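A.B. asks: The structure's right below; bear with me while I get my questions together.
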Amino acid sequence: MNIYVLMKRTFDTEEKITISGGKINEDGAEFIINPYDEYAIEEAIQVRDAHGGEVTVVSVGTEEAEKQLRTALAMGADKAALINTEDDLEDGDQFTTAKILSEYLKDKDADLIIAGNVAIDGGSGQVGPRVAEILGISYVTTITKLDINGSSATVVRDVEGDSEVIETSLPLLVTAQQGLNEPRYPSLPGIMKAKKKPLDELELDDLDLDEDDVEAKTKTIEIYLPPKKEAGKVLEGELEDQVKELVKLLHTEAKVV
Amino acid sequence: MARKVLVLGEVRDGSLRNVSFEAVAAGKTASEGGEVVGVLIGDSVSALANEMIHYGADRVVTVEDEKLKQYTPDGYSQALMAVIDSERPEGLIFGHTALGKDLAPKIAAKLESGLISDVTSLEEAGGNLVFTRPIYSGKAFEKKIVTDGLLFATIRPNNIAPLEKDESRTGDVASVAAEIKDLRTIIKEVVRKASEGVDLSEAKVIIAGGRGVKSEEGFEPLKELASLLNGAVGASRGACDADYCDYSLQIGQTGKVVTPDLYIACGISGAIQHLAGMSNSKVIVAINKDPEANIFKVADYGIVGDLFEVVPLLTEEFKKLKVNA
């Protein structure tokens with residue numbers, strides 16, 4: 001089975017966000033594999049271990065993403081590819097990323113493509129379904145279970161808390177939801193092996209793409225932090241009285257109940 | 001620039017979801033004086049068309065087919081593309097719901113267009129339609145514009161106020177024929193987990209529990225309070241990781257991002273990753289034994305105490321309020 005994972009390097013979830021010069025300040029920030037993409041990598045490894053084949057993890061970004069790709073290799077992926085857009089692109093959007101990934105994937109004969117259902121930074125959740133559509137394959141988003149049997153697949157999809165049991169066939173793209181699996185930590189031997197695993201670096205040129213082909217359709221004109229919340233009122237007195245006061249405040253001051 | 005905007009209405013259990021009316025309001029802004037056309041897709045949806053018109057749609061187009069009874073990306077995209085082909089809109093608005101998140105990128109890829117997801121407000125400014133959306137799960141916000149082609153956005157439930165309902169409004173309701181075929185994903189079964197209570201993403205009131213809830217049973221008083229206030233129960237990652245509840249309840253940077261009118265955090269310490277998912281709620285109440293807990297820093301009101309004492313008292317007090325109201 002030929003399996004591809006779409007991965008993004010993101011800010012660590014515990015990072016505070018600050019802005020400098022109109023952009024998110026990346027100085028000193030910790031970066032991680034997008035948590036939802038970790039589920040995708042884990043699932044890909046499990047599917048490969050059960051059915052044979054190869055897992056390739058691919059990322060669009062800058063050379064800094066090499067670190068996260070090596071982590072994916074250390075978890076157990078076989079190969080990695082970094083499509084480095086640093087020299088070619090100023091700003092991309094989801095149209096851009098999906099087009100680049102699809103161009104990379106179009107002649108790879110992937111049986112299964114797994115992505116995270118959303119990246120915790122941009123938060124759009126578009127790239128997976130867009131790639132599937134461009135490649136002309138079907139997709140299921142926010143999955144919590146994947147069973148593959150020959151060329152057919154049974155997938156459980158989380159739909160706002162409900163679960164849909166879906167039958168479909170390969171080739172298929174799925175996006176991972178929390179609960180799909182428990183991502184493993186890279187083992188020490190895994191980390192050693194990862195150093196020798198192939199990590200291809202490509203640029204737009206290698207995909208026969210021009211900047212114009214992937215020019216963003218949308219543009220960010222401003223980034224700002226939400227107004228800092230003032231710490232509110234911590235109530236005092238007997239617990240019963242506090243509760244009474246709280247209900248009164250919610251009713252008359254905040255007017256939310 | 002006046003434009004024609006299609007707004008996808010979303011039907012659940014035979015009625016339109018609230019977010020559909022919010023999407024009509026967003027469509028109205030996006031149309032800049034043009035036309036707002038509601039779109040309804042399903043096996044039997046035309047009876048709901050007038051309600052979209054009462055909330056501000058100028059007219060409604062329906063696509064009805066037995067194969068559209070349940071949402072599938074193939075079925076719905078075939079239906080919607082038939083409408084897009086006949087209407088030639090300049091704008092598209094969906095709800096940022098499970099359905100909208102799944103369908104919108106597929107349509108955007110088909111049309112080779114941009115798509116601005118998870119929009120919390122939009123306004124005309126300096127000759128552009130400017131969309132505001134949270135990034136880093138609400139730790140920051142960005143303003144975006146469309147630079148090329150279709151104006152396409154999904155809007156987050158509970159953020160854009162619907163227009164006032166006017167039952168005297170009338171408009172044309174027409175059906176569009178579409179060939180629905182070759183569905184590649186088949187839904188065999190739907191297991192309803194969220195049947196109790198209100199959907200988390202649309203809830204006006206959320207009662208959330210953290211590690212302090214201590215067990216699966218510990219969620220019971222929270223559920224009772226939630227059902228009294230017609231709200232939903234949520235949880236922190238800590239509570240989910242400890243197996244006190246299902247991951248579908250998780251609120252945070254991993255998990256759901258919510259913006260209810262009232263968020264009551266019970267036994268939640270307030271890790272950054274949780275705050276990202278709820279700190280834009282309108283009013284936040286924190287209940288925690290630890291007066292130093294981070295959650296008090298974002299709370300509008302706080303009670304330092306044991307949630308198992310406070311929550312039942314709170315439920316009693318709200319009951320009294322309801323009786324008096």
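Lettering and numbering for the structure tokens are positional, with chains as A, B, ... in the shown order, residues counted from 1 in each chain, and ligands counted from 1 in the shown order.
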For chain A against chain B, which residues fall within 6 Å using only C-alpha atoms, given as a VMD selection string?
C.D. replies: chain A and resid 13 to 14 120 to 122 124 126 129 to 130 133 159 161 to 168 217 to 226 229 231 to 235 243
A.B. asks: Just the residues within 10 Å of Ala178 of chain B, please, counting only C-alpha atoms, with nothing from its chain fewer than 4 positions along; format it as a compact mmCIF listing (two decimals) with N, CA and C atoms, in the first residue's frame.
C.D. replies:
# COMPACT_ATOMS: atom_id res chain seq x y z
N VAL B 63 -32.80 21.77 -4.28
CA VAL B 63 -32.48 20.56 -5.04
C VAL B 63 -32.95 19.39 -4.19
N GLU B 64 -33.91 18.64 -4.70
CA GLU B 64 -34.44 17.53 -3.93
C GLU B 64 -34.22 16.22 -4.66
N ASP B 65 -33.73 15.23 -3.91
CA ASP B 65 -33.48 13.91 -4.47
C ASP B 65 -33.38 12.95 -3.29
N GLY B 75 -22.75 13.78 -3.34
CA GLY B 75 -24.15 14.13 -3.60
C GLY B 75 -24.39 15.63 -3.48
N GLN B 78 -22.64 17.70 -6.20
CA GLN B 78 -23.35 17.63 -7.49
C GLN B 78 -24.57 18.55 -7.48
N ALA B 79 -25.31 18.52 -6.36
CA ALA B 79 -26.50 19.37 -6.24
C ALA B 79 -26.11 20.85 -6.29
N LEU B 80 -25.10 21.19 -5.50
CA LEU B 80 -24.72 22.59 -5.40
C LEU B 80 -24.11 23.11 -6.71
N MET B 81 -23.34 22.26 -7.38
CA MET B 81 -22.75 22.70 -8.65
C MET B 81 -23.86 22.95 -9.69
N ALA B 82 -24.95 22.17 -9.63
CA ALA B 82 -26.07 22.41 -10.55
C ALA B 82 -26.66 23.80 -10.28
N VAL B 83 -26.77 24.15 -9.00
CA VAL B 83 -27.31 25.47 -8.64
C VAL B 83 -26.33 26.57 -9.08
A.B. asks: Give me, as a ChimeraX atom specification, all polymer residues having an atom no more than 12 Å from Ala49 of chain B, counting only C-alpha atoms and skipping those fewer than 5 positions away in the same chain.
C.D. replies: /B:7-11,15-16,20-21,37-42,44,54-63,169-175
A.B. asks: Enumerate, as a JSON list (two decimals) with C-alpha atoms, in the first residue's frame, the complete set of residues in segment 66-205 of chain B that a backbone-based DSSP assignment places in strand (DSSP E).
C.D. replies:
[["chain", "number", "residue", "atom", "x", "y", "z"],
["B", 91, "GLY", "CA", -20.54, 34.97, -3.52],
["B", 92, "LEU", "CA", -21.12, 31.81, -1.49],
["B", 93, "ILE", "CA", -21.74, 31.52, 2.25],
["B", 94, "PHE", "CA", -21.97, 28.27, 4.24],
["B", 95, "GLY", "CA", -22.04, 27.62, 7.96],
["B", 116, "ILE", "CA", -12.19, 32.06, 3.90],
["B", 117, "SER", "CA", -13.10, 29.59, 6.63],
["B", 118, "ASP", "CA", -14.52, 30.08, 10.10],
["B", 119, "VAL", "CA", -15.44, 33.73, 9.78],
["B", 121, "SER", "CA", -17.60, 38.81, 11.31],
["B", 122, "LEU", "CA", -17.59, 40.58, 7.99],
["B", 123, "GLU", "CA", -17.94, 44.19, 6.99],
["B", 124, "GLU", "CA", -17.45, 46.52, 4.10],
["B", 125, "ALA", "CA", -14.34, 48.65, 4.63],
["B", 128, "ASN", "CA", -13.36, 45.72, 0.28],
["B", 129, "LEU", "CA", -15.39, 43.12, 2.02],
["B", 130, "VAL", "CA", -13.25, 42.31, 5.06],
["B", 131, "PHE", "CA", -13.61, 38.97, 6.81],
["B", 132, "THR", "CA", -12.44, 38.50, 10.39],
["B", 133, "ARG", "CA", -11.50, 35.04, 11.59],
["B", 134, "PRO", "CA", -9.68, 33.57, 14.56],
["B", 135, "ILE", "CA", -6.25, 32.00, 14.08],
["B", 140, "ALA", "CA", -5.14, 35.92, 17.56],
["B", 141, "PHE", "CA", -7.40, 37.17, 14.78],
["B", 142, "GLU", "CA", -6.79, 37.96, 11.14],
["B", 143, "LYS", "CA", -8.63, 40.13, 8.65],
["B", 144, "LYS", "CA", -8.78, 38.75, 5.15],
["B", 145, "ILE", "CA", -9.98, 39.88, 1.78],
["B", 146, "VAL", "CA", -10.59, 38.02, -1.45],
["B", 151, "LEU", "CA", -16.22, 35.60, -2.57],
["B", 152, "PHE", "CA", -16.56, 32.39, -0.59],
["B", 153, "ALA", "CA", -16.71, 32.02, 3.19],
["B", 154, "THR", "CA", -17.91, 29.71, 5.92],
["B", 155, "ILE", "CA", -19.20, 31.42, 9.05],
["B", 173, "VAL", "CA", -39.05, 29.27, -4.44],
["B", 174, "ALA", "CA", -37.82, 27.24, -7.40],
["B", 175, "SER", "CA", -36.31, 23.83, -7.80],
["B", 186, "ILE", "CA", -22.03, 5.49, 1.54],
["B", 187, "ILE", "CA", -23.28, 6.12, 5.07],
["B", 188, "LYS", "CA", -24.16, 2.73, 6.54],
["B", 189, "GLU", "CA", -25.08, 3.83, 10.01],
["B", 190, "VAL", "CA", -25.30, 6.92, 12.19],
["B", 191, "VAL", "CA", -24.58, 6.47, 15.87],
["B", 205, "VAL", "CA", -24.58, 28.16, 27.33]]
A.B. asks: Looking at only C-alpha atoms, which of A:Val247, A:Ala115, A:Ile41, A:Val214 is the one that sits closest to Glu54 of chain A?
C.D. replies: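 Nearest candidate to Glu54 of chain A out of A:Val247, A:Ala115, A:Ile41, A:Val214: A:Ile41.
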A.B. asks: Provide the atom CA of Asn84 of chain A to atom CA of Ala216 of chain A distance in Å, to one decimal place.
C.D. replies: 16.5 Å
A.B. asks: Suppose you want the space between atom CA of Tyr185 of chain A and atom CA of Ile17 of chain A; what is it in Å?
C.D. replies: 26.1 Å
A.B. asks: Let me make sure I understand: among A:Gln46, A:Thr71, A:Gln177, A:Ser151, which one has the smallest atom-to-atom distance to Lys195 of chain A if we use only C-alpha atoms?
C.D. replies: A:Thr71
A.B. asks: Quick check for you: according to DSSP on this backbone, which residues of segment 74-138 of chain A are classed as helix (DSSP H, G or I)? Reply as a VMD selection string.
C.D. replies: chain A and resid 74 to 75 94 to 105 127 to 135
A.B. asks: Could you please take those selected residues and save N, CA and C atoms as a PDB file, in the first residue's frame?
C.D. replies:
ATOM      1  N   ALA A  74      11.229   9.382  12.491  1.00  0.00           N
ATOM      2  CA  ALA A  74      11.618   8.690  13.715  1.00  0.00           C
ATOM      3  C   ALA A  74      10.444   7.910  14.304  1.00  0.00           C
ATOM      4  N   MET A  75       9.225   8.411  14.101  1.00  0.00           N
ATOM      5  CA  MET A  75       8.043   7.667  14.551  1.00  0.00           C
ATOM      6  C   MET A  75       7.895   6.373  13.763  1.00  0.00           C
ATOM      7  N   GLN A  94      -4.839  28.526   1.179  1.00  0.00           N
ATOM      8  CA  GLN A  94      -5.123  27.094   1.078  1.00  0.00           C
ATOM      9  C   GLN A  94      -5.195  26.639  -0.374  1.00  0.00           C
ATOM     10  N   PHE A  95      -5.616  27.558  -1.247  1.00  0.00           N
ATOM     11  CA  PHE A  95      -5.581  27.248  -2.680  1.00  0.00           C
ATOM     12  C   PHE A  95      -4.152  26.911  -3.093  1.00  0.00           C
ATOM     13  N   THR A  96      -3.211  27.733  -2.641  1.00  0.00           N
ATOM     14  CA  THR A  96      -1.796  27.554  -2.966  1.00  0.00           C
ATOM     15  C   THR A  96      -1.285  26.197  -2.496  1.00  0.00           C
ATOM     16  N   THR A  97      -1.471  25.930  -1.212  1.00  0.00           N
ATOM     17  CA  THR A  97      -0.921  24.706  -0.622  1.00  0.00           C
ATOM     18  C   THR A  97      -1.530  23.469  -1.271  1.00  0.00           C
ATOM     19  N   ALA A  98      -2.851  23.501  -1.474  1.00  0.00           N
ATOM     20  CA  ALA A  98      -3.526  22.332  -2.058  1.00  0.00           C
ATOM     21  C   ALA A  98      -3.035  22.082  -3.477  1.00  0.00           C
ATOM     22  N   LYS A  99      -2.838  23.157  -4.204  1.00  0.00           N
ATOM     23  CA  LYS A  99      -2.390  23.006  -5.588  1.00  0.00           C
ATOM     24  C   LYS A  99      -0.975  22.406  -5.637  1.00  0.00           C
ATOM     25  N   ILE A 100      -0.112  22.881  -4.766  1.00  0.00           N
ATOM     26  CA  ILE A 100       1.263  22.362  -4.728  1.00  0.00           C
ATOM     27  C   ILE A 100       1.268  20.883  -4.354  1.00  0.00           C
ATOM     28  N   LEU A 101       0.519  20.552  -3.287  1.00  0.00           N
ATOM     29  CA  LEU A 101       0.486  19.156  -2.842  1.00  0.00           C
ATOM     30  C   LEU A 101      -0.093  18.241  -3.920  1.00  0.00           C
ATOM     31  N   SER A 102      -1.149  18.706  -4.577  1.00  0.00           N
ATOM     32  CA  SER A 102      -1.780  17.885  -5.614  1.00  0.00           C
ATOM     33  C   SER A 102      -0.831  17.651  -6.776  1.00  0.00           C
ATOM     34  N   GLU A 103      -0.085  18.684  -7.119  1.00  0.00           N
ATOM     35  CA  GLU A 103       0.872  18.569  -8.213  1.00  0.00           C
ATOM     36  C   GLU A 103       1.945  17.528  -7.861  1.00  0.00           C
ATOM     37  N   TYR A 104       2.353  17.549  -6.599  1.00  0.00           N
ATOM     38  CA  TYR A 104       3.332  16.571  -6.127  1.00  0.00           C
ATOM     39  C   TYR A 104       2.747  15.159  -6.141  1.00  0.00           C
ATOM     40  N   LEU A 105       1.472  15.044  -5.733  1.00  0.00           N
ATOM     41  CA  LEU A 105       0.869  13.720  -5.535  1.00  0.00           C
ATOM     42  C   LEU A 105       0.310  13.101  -6.809  1.00  0.00           C
ATOM     43  N   VAL A 127      -7.247  22.060   3.279  1.00  0.00           N
ATOM     44  CA  VAL A 127      -6.274  21.487   2.346  1.00  0.00           C
ATOM     45  C   VAL A 127      -6.577  20.025   1.995  1.00  0.00           C
ATOM     46  N   GLY A 128      -6.940  19.214   2.996  1.00  0.00           N
ATOM     47  CA  GLY A 128      -7.249  17.806   2.723  1.00  0.00           C
ATOM     48  C   GLY A 128      -8.311  17.627   1.657  1.00  0.00           C
ATOM     49  N   PRO A 129      -9.546  18.107   1.902  1.00  0.00           N
ATOM     50  CA  PRO A 129     -10.591  17.945   0.888  1.00  0.00           C
ATOM     51  C   PRO A 129     -10.248  18.582  -0.466  1.00  0.00           C
ATOM     52  N   ARG A 130      -9.547  19.700  -0.438  1.00  0.00           N
ATOM     53  CA  ARG A 130      -9.159  20.322  -1.712  1.00  0.00           C
ATOM     54  C   ARG A 130      -8.249  19.393  -2.509  1.00  0.00           C
ATOM     55  N   VAL A 131      -7.274  18.805  -1.823  1.00  0.00           N
ATOM     56  CA  VAL A 131      -6.332  17.911  -2.513  1.00  0.00           C
ATOM     57  C   VAL A 131      -7.087  16.715  -3.106  1.00  0.00           C
ATOM     58  N   ALA A 132      -8.001  16.135  -2.315  1.00  0.00           N
ATOM     59  CA  ALA A 132      -8.771  14.989  -2.808  1.00  0.00           C
ATOM     60  C   ALA A 132      -9.541  15.366  -4.064  1.00  0.00           C
ATOM     61  N   GLU A 133     -10.162  16.528  -4.036  1.00  0.00           N
ATOM     62  CA  GLU A 133     -10.959  16.970  -5.183  1.00  0.00           C
ATOM     63  C   GLU A 133     -10.069  17.180  -6.416  1.00  0.00           C
ATOM     64  N   ILE A 134      -8.938  17.800  -6.224  1.00  0.00           N
ATOM     65  CA  ILE A 134      -8.049  18.045  -7.368  1.00  0.00           C
ATOM     66  C   ILE A 134      -7.540  16.716  -7.933  1.00  0.00           C
ATOM     67  N   LEU A 135      -7.252  15.756  -7.041  1.00  0.00           N
ATOM     68  CA  LEU A 135      -6.764  14.453  -7.504  1.00  0.00           C
ATOM     69  C   LEU A 135      -7.897  13.566  -8.035  1.00  0.00           C
TER      70      LEU A 135
END
